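The file data12.txt comes next; it holds compact mmCIF, C-alpha atoms.
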# COMPACT_ATOMS: atom_id res chain seq x y z
CA MET A 17 0.00 0.00 0.00
CA SER A 18 1.46 3.36 -1.04
CA LYS A 19 2.20 6.06 1.49
CA LYS A 20 0.43 9.40 1.15
CA ILE A 21 2.61 12.43 1.85
CA GLY A 22 1.52 16.06 1.90
CA ILE A 23 3.91 18.97 1.36
CA LEU A 24 3.15 22.60 2.16
CA ASN A 25 5.30 24.48 -0.34
CA LEU A 26 6.37 27.87 1.01
CA MET A 27 9.53 28.31 -1.05
CA HIS A 28 10.18 31.10 -3.54
CA ASP A 29 11.11 28.77 -6.42
CA LYS A 30 7.91 26.77 -6.14
CA ILE A 31 8.11 24.65 -9.27
CA ASP A 32 11.77 23.76 -8.71
CA THR A 33 11.02 22.97 -5.06
CA GLN A 34 8.32 20.50 -6.05
CA LYS A 35 10.58 18.89 -8.62
CA ARG A 36 13.28 18.47 -5.96
CA PHE A 37 11.01 16.95 -3.33
CA SER A 38 9.31 14.71 -5.88
CA HIS A 39 12.70 13.48 -7.07
CA VAL A 40 14.13 12.64 -3.65
CA ILE A 41 10.91 11.06 -2.35
CA LYS A 42 10.19 9.00 -5.46
CA GLU A 43 13.82 7.87 -5.58
CA ALA A 44 13.58 6.67 -1.98
CA SER A 45 10.06 5.22 -2.29
CA PRO A 46 8.67 5.12 -5.86
CA GLU A 47 5.16 4.16 -4.78
CA THR A 48 4.73 7.21 -2.52
CA ASP A 49 1.83 9.50 -3.46
CA ILE A 50 2.60 13.23 -3.00
CA THR A 51 0.11 16.11 -2.72
CA TYR A 52 1.41 19.69 -2.73
CA PHE A 53 -0.43 22.45 -0.90
CA TYR A 54 -0.23 26.22 -0.56
CA PRO A 55 -1.53 28.47 2.26
CA GLN A 56 -4.82 29.97 1.15
CA SER A 57 -4.43 33.07 3.31
CA HIS A 58 -1.23 34.07 1.50
CA TYR A 59 -3.12 34.47 -1.77
CA LEU A 60 -6.18 36.40 -0.64
CA ASN A 61 -4.92 39.63 -2.21
CA ARG A 62 -2.38 38.36 -4.71
CA PRO A 63 -2.50 36.04 -7.71
CA ARG A 64 -1.24 32.50 -7.45
CA PRO A 65 1.75 31.67 -9.67
CA GLN A 66 0.56 30.29 -13.00
CA ASN A 67 0.93 26.60 -13.84
CA TRP A 68 1.68 25.73 -10.22
CA PRO A 69 0.40 22.20 -9.48
CA ALA A 70 -0.58 22.68 -5.85
CA GLU A 71 -3.86 22.63 -3.95
CA PRO A 72 -5.18 25.07 -1.34
CA LEU A 73 -4.40 23.77 2.14
CA ASN A 74 -7.31 21.63 3.35
CA LEU A 75 -7.08 20.23 6.87
CA LYS A 76 -9.66 17.52 6.16
CA THR A 77 -7.41 16.24 3.38
CA VAL A 78 -4.30 16.53 5.53
CA ALA A 79 -5.93 14.48 8.31
CA LYS A 80 -6.02 11.46 5.98
CA LEU A 81 -2.31 11.58 5.07
CA ASP A 82 0.48 9.33 6.37
CA GLY A 83 3.13 12.02 6.67
CA PHE A 84 3.61 15.74 6.11
CA ILE A 85 6.44 18.09 5.13
CA ILE A 86 6.55 21.86 5.57
CA THR A 87 9.25 23.43 3.42
CA GLY A 88 11.49 26.36 4.08
CA ALA A 89 10.50 29.93 3.21
CA PRO A 90 12.65 32.99 2.43
CA ILE A 91 11.42 34.89 5.50
CA GLU A 92 13.88 33.92 8.25
CA LEU A 93 14.25 37.54 9.41
CA LEU A 94 10.51 38.24 9.57
CA PRO A 95 8.86 37.91 13.00
CA PHE A 96 6.49 34.94 13.04
CA SER A 97 3.60 37.23 14.06
CA GLU A 98 4.02 39.17 10.80
CA VAL A 99 3.71 36.12 8.52
CA ASP A 100 0.41 36.58 6.73
CA TYR A 101 -0.45 32.88 6.81
CA TRP A 102 0.67 32.30 10.42
CA GLU A 103 -2.82 31.57 11.78
CA GLU A 104 -3.46 29.07 8.98
CA LEU A 105 -0.08 27.47 9.64
CA THR A 106 -0.72 27.09 13.38
CA LYS A 107 -3.98 25.27 12.66
CA LEU A 108 -1.99 22.87 10.51
CA PHE A 109 0.56 22.42 13.32
CA ASP A 110 -2.23 21.62 15.76
CA LEU A 111 -3.81 19.07 13.43
CA LEU A 112 -0.52 17.27 12.72
CA LYS A 113 0.16 16.97 16.44
CA ALA A 114 -3.40 15.92 17.34
CA LYS A 115 -3.44 13.23 14.63
CA ASN A 116 0.15 12.18 15.39
CA ILE A 117 1.03 12.46 11.70
CA PRO A 118 4.81 12.16 11.14
CA GLN A 119 6.13 15.65 10.52
CA LEU A 120 9.23 16.84 8.68
CA TYR A 121 9.88 20.56 9.05
CA VAL A 122 12.60 22.00 6.80
CA CYS A 123 14.67 25.15 7.46
CA TRP A 124 12.15 28.00 8.10
CA GLY A 125 9.45 25.36 8.55
CA ALA A 126 11.59 23.93 11.37
CA MET A 127 12.05 27.38 12.89
CA ALA A 128 8.32 28.06 12.85
CA ALA A 129 7.42 24.70 14.35
CA LEU A 130 10.03 24.90 17.13
CA TYR A 131 8.75 28.36 18.01
CA TYR A 132 5.09 27.33 17.99
CA PHE A 133 5.40 24.04 19.85
CA TYR A 134 8.22 24.89 22.28
CA GLY A 135 8.60 28.66 22.35
CA ILE A 136 12.17 28.45 21.01
CA GLY A 137 13.46 31.84 19.91
CA LYS A 138 15.37 32.72 16.77
CA HIS A 139 17.98 35.32 15.98
CA PRO A 140 19.62 36.68 12.83
CA LEU A 141 23.03 35.35 11.89
CA PRO A 142 25.92 37.79 11.41
CA GLU A 143 26.00 36.56 7.83
CA LYS A 144 24.12 33.98 5.83
CA ILE A 145 25.23 30.39 6.29
CA PHE A 146 25.41 29.34 2.66
CA GLY A 147 27.18 26.26 1.42
CA ILE A 148 28.00 22.64 1.99
CA CYS A 149 29.06 21.80 5.54
CA PRO A 150 30.48 18.67 7.15
CA GLN A 151 28.29 17.44 9.99
CA GLU A 152 28.89 16.16 13.49
CA ILE A 153 26.51 13.46 14.75
CA LEU A 154 25.75 14.41 18.36
CA ALA A 155 23.02 11.86 19.10
CA PRO A 156 22.51 8.82 16.83
CA ALA A 157 19.01 8.32 15.45
CA PRO A 158 17.34 6.07 12.85
CA LEU A 159 17.08 9.12 10.59
CA LEU A 160 20.89 9.17 10.39
CA SER A 161 21.26 5.47 9.61
CA GLY A 162 24.01 4.94 7.04
CA LEU A 163 25.59 8.34 7.77
CA VAL A 164 28.74 8.99 9.77
CA THR A 165 30.26 12.10 11.31
CA GLY A 166 31.58 14.24 8.48
CA PHE A 167 28.61 13.64 6.16
CA ARG A 168 27.91 16.60 3.89
CA ALA A 169 24.75 18.69 4.02
CA PRO A 170 23.69 21.98 2.38
CA HIS A 171 22.71 25.03 4.47
CA ALA A 172 21.17 28.28 3.28
CA ARG A 173 19.64 30.62 5.87
CA TYR A 174 19.94 34.03 7.48
CA ALA A 175 18.77 33.07 10.98
CA GLU A 176 19.26 30.41 13.64
CA MET A 177 17.25 29.05 16.54
CA ASN A 178 18.42 29.51 20.11
CA ARG A 179 20.49 26.39 20.73
CA SER A 180 20.65 26.78 24.51
CA GLU A 181 16.85 26.89 24.68
CA ILE A 182 16.65 23.67 22.64
CA GLU A 183 19.19 22.01 24.92
CA GLN A 184 17.11 22.98 27.96
CA GLU A 185 13.92 21.47 26.47
CA LYS A 186 13.85 17.83 27.60
CA ALA A 187 11.49 16.83 24.79
CA LEU A 188 14.02 17.82 22.11
CA THR A 189 17.29 16.25 20.98
CA ILE A 190 19.97 17.87 18.83
CA ASN A 191 21.09 14.98 16.63
CA ALA A 192 23.45 16.75 14.24
CA ALA A 193 25.12 20.12 13.80
CA THR A 194 28.02 21.69 11.93
CA PRO A 195 31.44 21.84 13.64
CA ASP A 196 30.88 25.56 14.34
CA GLY A 197 27.54 24.89 16.02
CA HIS A 198 24.91 25.55 13.37
CA LEU A 199 21.89 23.29 13.79
CA THR A 200 21.24 20.53 11.28
CA LEU A 201 18.85 18.00 12.80
CA VAL A 202 16.63 18.20 15.90
CA THR A 203 14.04 15.58 16.82
CA GLY A 204 11.09 15.71 19.17
CA PRO A 205 8.21 13.53 20.35
CA GLY A 206 5.37 12.31 18.14
CA GLN A 207 7.65 11.85 15.12
CA GLN A 208 8.53 15.53 14.93
CA VAL A 209 11.63 16.12 12.81
CA PHE A 210 13.24 19.54 12.46
CA LEU A 211 15.74 19.63 9.59
CA PHE A 212 17.74 22.83 9.15
CA SER A 213 19.64 21.57 6.13
CA HIS A 214 18.11 21.84 2.65
CA LEU A 215 18.84 18.19 1.95
CA GLU A 216 16.24 18.26 -0.83
CA TYR A 217 18.45 20.61 -2.88
CA GLY A 218 19.70 19.27 -6.19
CA PRO A 219 23.12 19.96 -7.73
CA GLN A 220 22.15 23.31 -9.30
CA ALA A 221 20.14 24.75 -6.40
CA PHE A 222 22.92 26.86 -4.89
CA SER A 223 23.86 28.40 -8.23
CA LYS A 224 20.23 29.37 -8.84
CA GLU A 225 19.81 30.76 -5.31
CA TYR A 226 22.93 32.88 -5.61
CA GLN A 227 21.92 34.23 -9.02
CA ARG A 228 18.41 35.00 -7.75
CA GLU A 229 19.77 37.01 -4.81
CA LEU A 230 22.32 38.71 -7.05
CA SER A 231 19.56 39.75 -9.45
CA ALA A 232 17.45 41.08 -6.56
CA ARG A 233 20.41 43.32 -5.65
CA GLY A 234 20.71 44.61 -9.19
CA GLY A 235 23.95 42.73 -9.74
CA ASP A 236 25.70 44.18 -6.69
CA ASP A 237 27.56 41.30 -5.04
CA ARG A 238 28.99 43.33 -2.14
CA LYS A 239 28.20 41.58 1.16
CA LEU A 240 26.34 38.88 -0.75
CA ALA A 241 27.17 35.43 0.58
CA LYS A 242 28.70 33.10 -1.98
CA PRO A 243 28.21 29.32 -1.80
CA GLN A 244 31.02 27.75 0.20
CA ARG A 245 32.57 24.32 -0.52
CA TYR A 246 30.22 23.98 -3.49
CA PHE A 247 32.18 24.87 -6.63
CA ALA A 248 35.17 22.85 -7.77
CA ASP A 249 36.58 26.19 -8.95
CA GLU A 250 35.54 28.59 -6.20
CA ALA A 251 37.41 31.57 -7.66
CA ALA A 252 35.48 31.32 -10.91
CA MET A 253 32.32 30.04 -9.16
CA SER A 254 32.08 27.20 -11.65
CA LEU A 255 31.72 23.42 -11.68
CA PRO A 256 29.20 22.84 -8.86
CA GLN A 257 29.75 19.60 -6.94
CA PHE A 258 26.84 17.44 -5.69
CA THR A 259 28.72 16.25 -2.59
CA TRP A 260 25.60 15.78 -0.43
CA GLU A 261 23.84 13.33 -2.77
CA SER A 262 24.52 10.32 -0.55
CA SER A 263 23.35 12.22 2.55
CA GLN A 264 20.18 13.18 0.73
CA GLN A 265 19.43 9.62 -0.33
CA HIS A 266 20.03 8.17 3.14
CA PHE A 267 18.01 10.79 4.98
CA PHE A 268 14.86 10.71 2.87
CA LYS A 269 14.89 6.92 2.68
CA ASN A 270 15.25 6.78 6.46
CA TRP A 271 12.47 9.31 7.03
CA LEU A 272 10.04 7.50 4.75
CA GLN A 273 10.82 4.23 6.53
CA THR A 274 9.69 5.77 9.83
CA ILE A 275 6.22 6.27 8.36
CA LYS A 276 4.01 3.26 8.97
Could you rewrite the structure in this file as structure tokens?
Amino acid sequence: MSKKIGILNLMHDKIDTQKRFSHVIKEASPETDITYFYPQSHYLNRPRPQNWPAEPLNLKTVAKLDGFIITGAPIELLPFSEVDYWEELTKLFDLLKAKNIPQLYVCWGAMAALYYFYGIGKHPLPEKIFGICPQEILAPAPLLSGLVTGFRAPHARYAEMNRSEIEQEKALTINAATPDGHLTLVTGPGQQVFLFSHLEYGPQAFSKEYQRELSARGGDDRKLAKPQRYFADEAAMSLPQFTWESSQQHFFKNWLQTIK
């Protein structure tokens, strides 16, 4: 019997995001059925992107699913109270917890869920963490099966959660982090998974993200973070390397195996 997974897509590059998640999930479990959603409240006064194969978020539909993913969103520096779909999102959080549906929260999705469920605070980083980082396994977990300390994972964010607050919360475990302390994987009760790495990213994702931010700045690359440990030729910013492919495959296969 196929598993039914829902994904709330909050990313800026919506079509690419869905292609990435579909690829990694279908590669790990070809029979998995995926439904993409968008927050209805975000599009009350703005048009939806054209040719976007996603449905309006429907909690009755979500309640029948076997697992759920909430993606990142390019709003790390925005207070949660100012997110225009926050109320809709919290209703989704409540439903996932009440129904004990396995939850995978990615990057900003992980920030939002940790804040809502546990009151964990967030703060801006001095500069964007942007690149491929080796990882330290701090607490083994089935989600990290097949991975060893040093495994590669991509990070791309402007903010971080308060690590000391997470460490003080007995219900939460920090399973993996970068050597300099940036969070990678936190787990909680009820099959809550908080993933701060964009492990769904494909080999071209960092190039596209950098070019998108460069374009938004009118081509001004001053103080713009460049992808680290990503290009074979970093000086020329060419020849991107897909060094986290194995990590990606292991993680998503492991996560899907936790869903009964």
* Mind checking which residues fall within 6 Å of stretch 126-134 of chain A, counting all atoms listed in the file, ignoring those fewer than 4 positions away in the same chain, and posting them as a ChimeraX atom specification? => /A:121-122,210
* To do: Could you give me, as a ChimeraX atom specification, the residues within 6 Å of A:Pro170, counting all atoms listed in the file and dropping anything in the same chain fewer than 5 positions from it?
  => /A:147-148,213-214
* **Residue among A:Ile91, A:Leu255, A:Leu81, A:Ala193 lying closest to A:Lys115, counting only C-alpha atoms** =>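 Of A:Ile91, A:Leu255, A:Leu81, A:Ala193, the one nearest A:Lys115, counting only C-alpha atoms, is A:Leu81.
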* Nearest residue to A:Thr77 from the set A:Ile275, A:Ile190, A:Ile23, A:Cys123 (distances using all atoms listed in the file) ->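 Under the stated criterion, the closest residue is A:Ile23.
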* Residue among A:Ser38, A:Asn74, A:Thr33, A:Gln66 lying closest to A:Thr87, counting only C-alpha atoms ->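 Between A:Ser38, A:Asn74, A:Thr33, A:Gln66, the residue approaching A:Thr87 most closely is A:Thr33.
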* To do: Record the distance separating atom CA of A:Gln208 and atom CA of A:Tyr174, expressed in Å with one decimal.
  =>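 Taking atom CA of A:Gln208 as the start and atom CA of A:Tyr174 as the end point, the length is 23.0 Å.
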* To do: Pick out the closest residue to A:Leu159 from this set: A:His139, A:Ser231, A:Thr203, A:Lys107. Count only C-alpha atoms.
  =>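 Nearest to A:Leu159: A:Thr203.
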* Structure fact -> Judged by all atoms listed in the file, the minimum distance to A:Val40 among A:Glu216, A:Pro256, A:Gln244, A:Ala232 is found for A:Glu216
* Tell me which protein, DNA and RNA residues are within 9 Å of A:Pro72, counting all atoms listed in the file, leaving out same-chain ones fewer than 2 positions away, and put them as number ranges by chain. => A: 52-56, 70, 74
* Asked: Between A:Trp102, A:Phe37, A:Phe212, A:Phe258, which one has atoms that come closest to A:Ile85, using only C-alpha atoms?
  ->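 Checking each candidate against A:Ile85, we get A:Phe37 as the closest.
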* If you measure from atom CA of A:Leu154 to atom CA of A:Asn191, what distance in Å do you get, rounded to one decimal? ->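 Computed distance, atom CA of A:Leu154 to atom CA of A:Asn191, equals 5.0 Å.
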* Between atom CA of A:Gly22 and atom CA of A:Lys138, what is the distance, to one decimal in Å? ->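 Distance reported for this atom pair: 26.3 Å.
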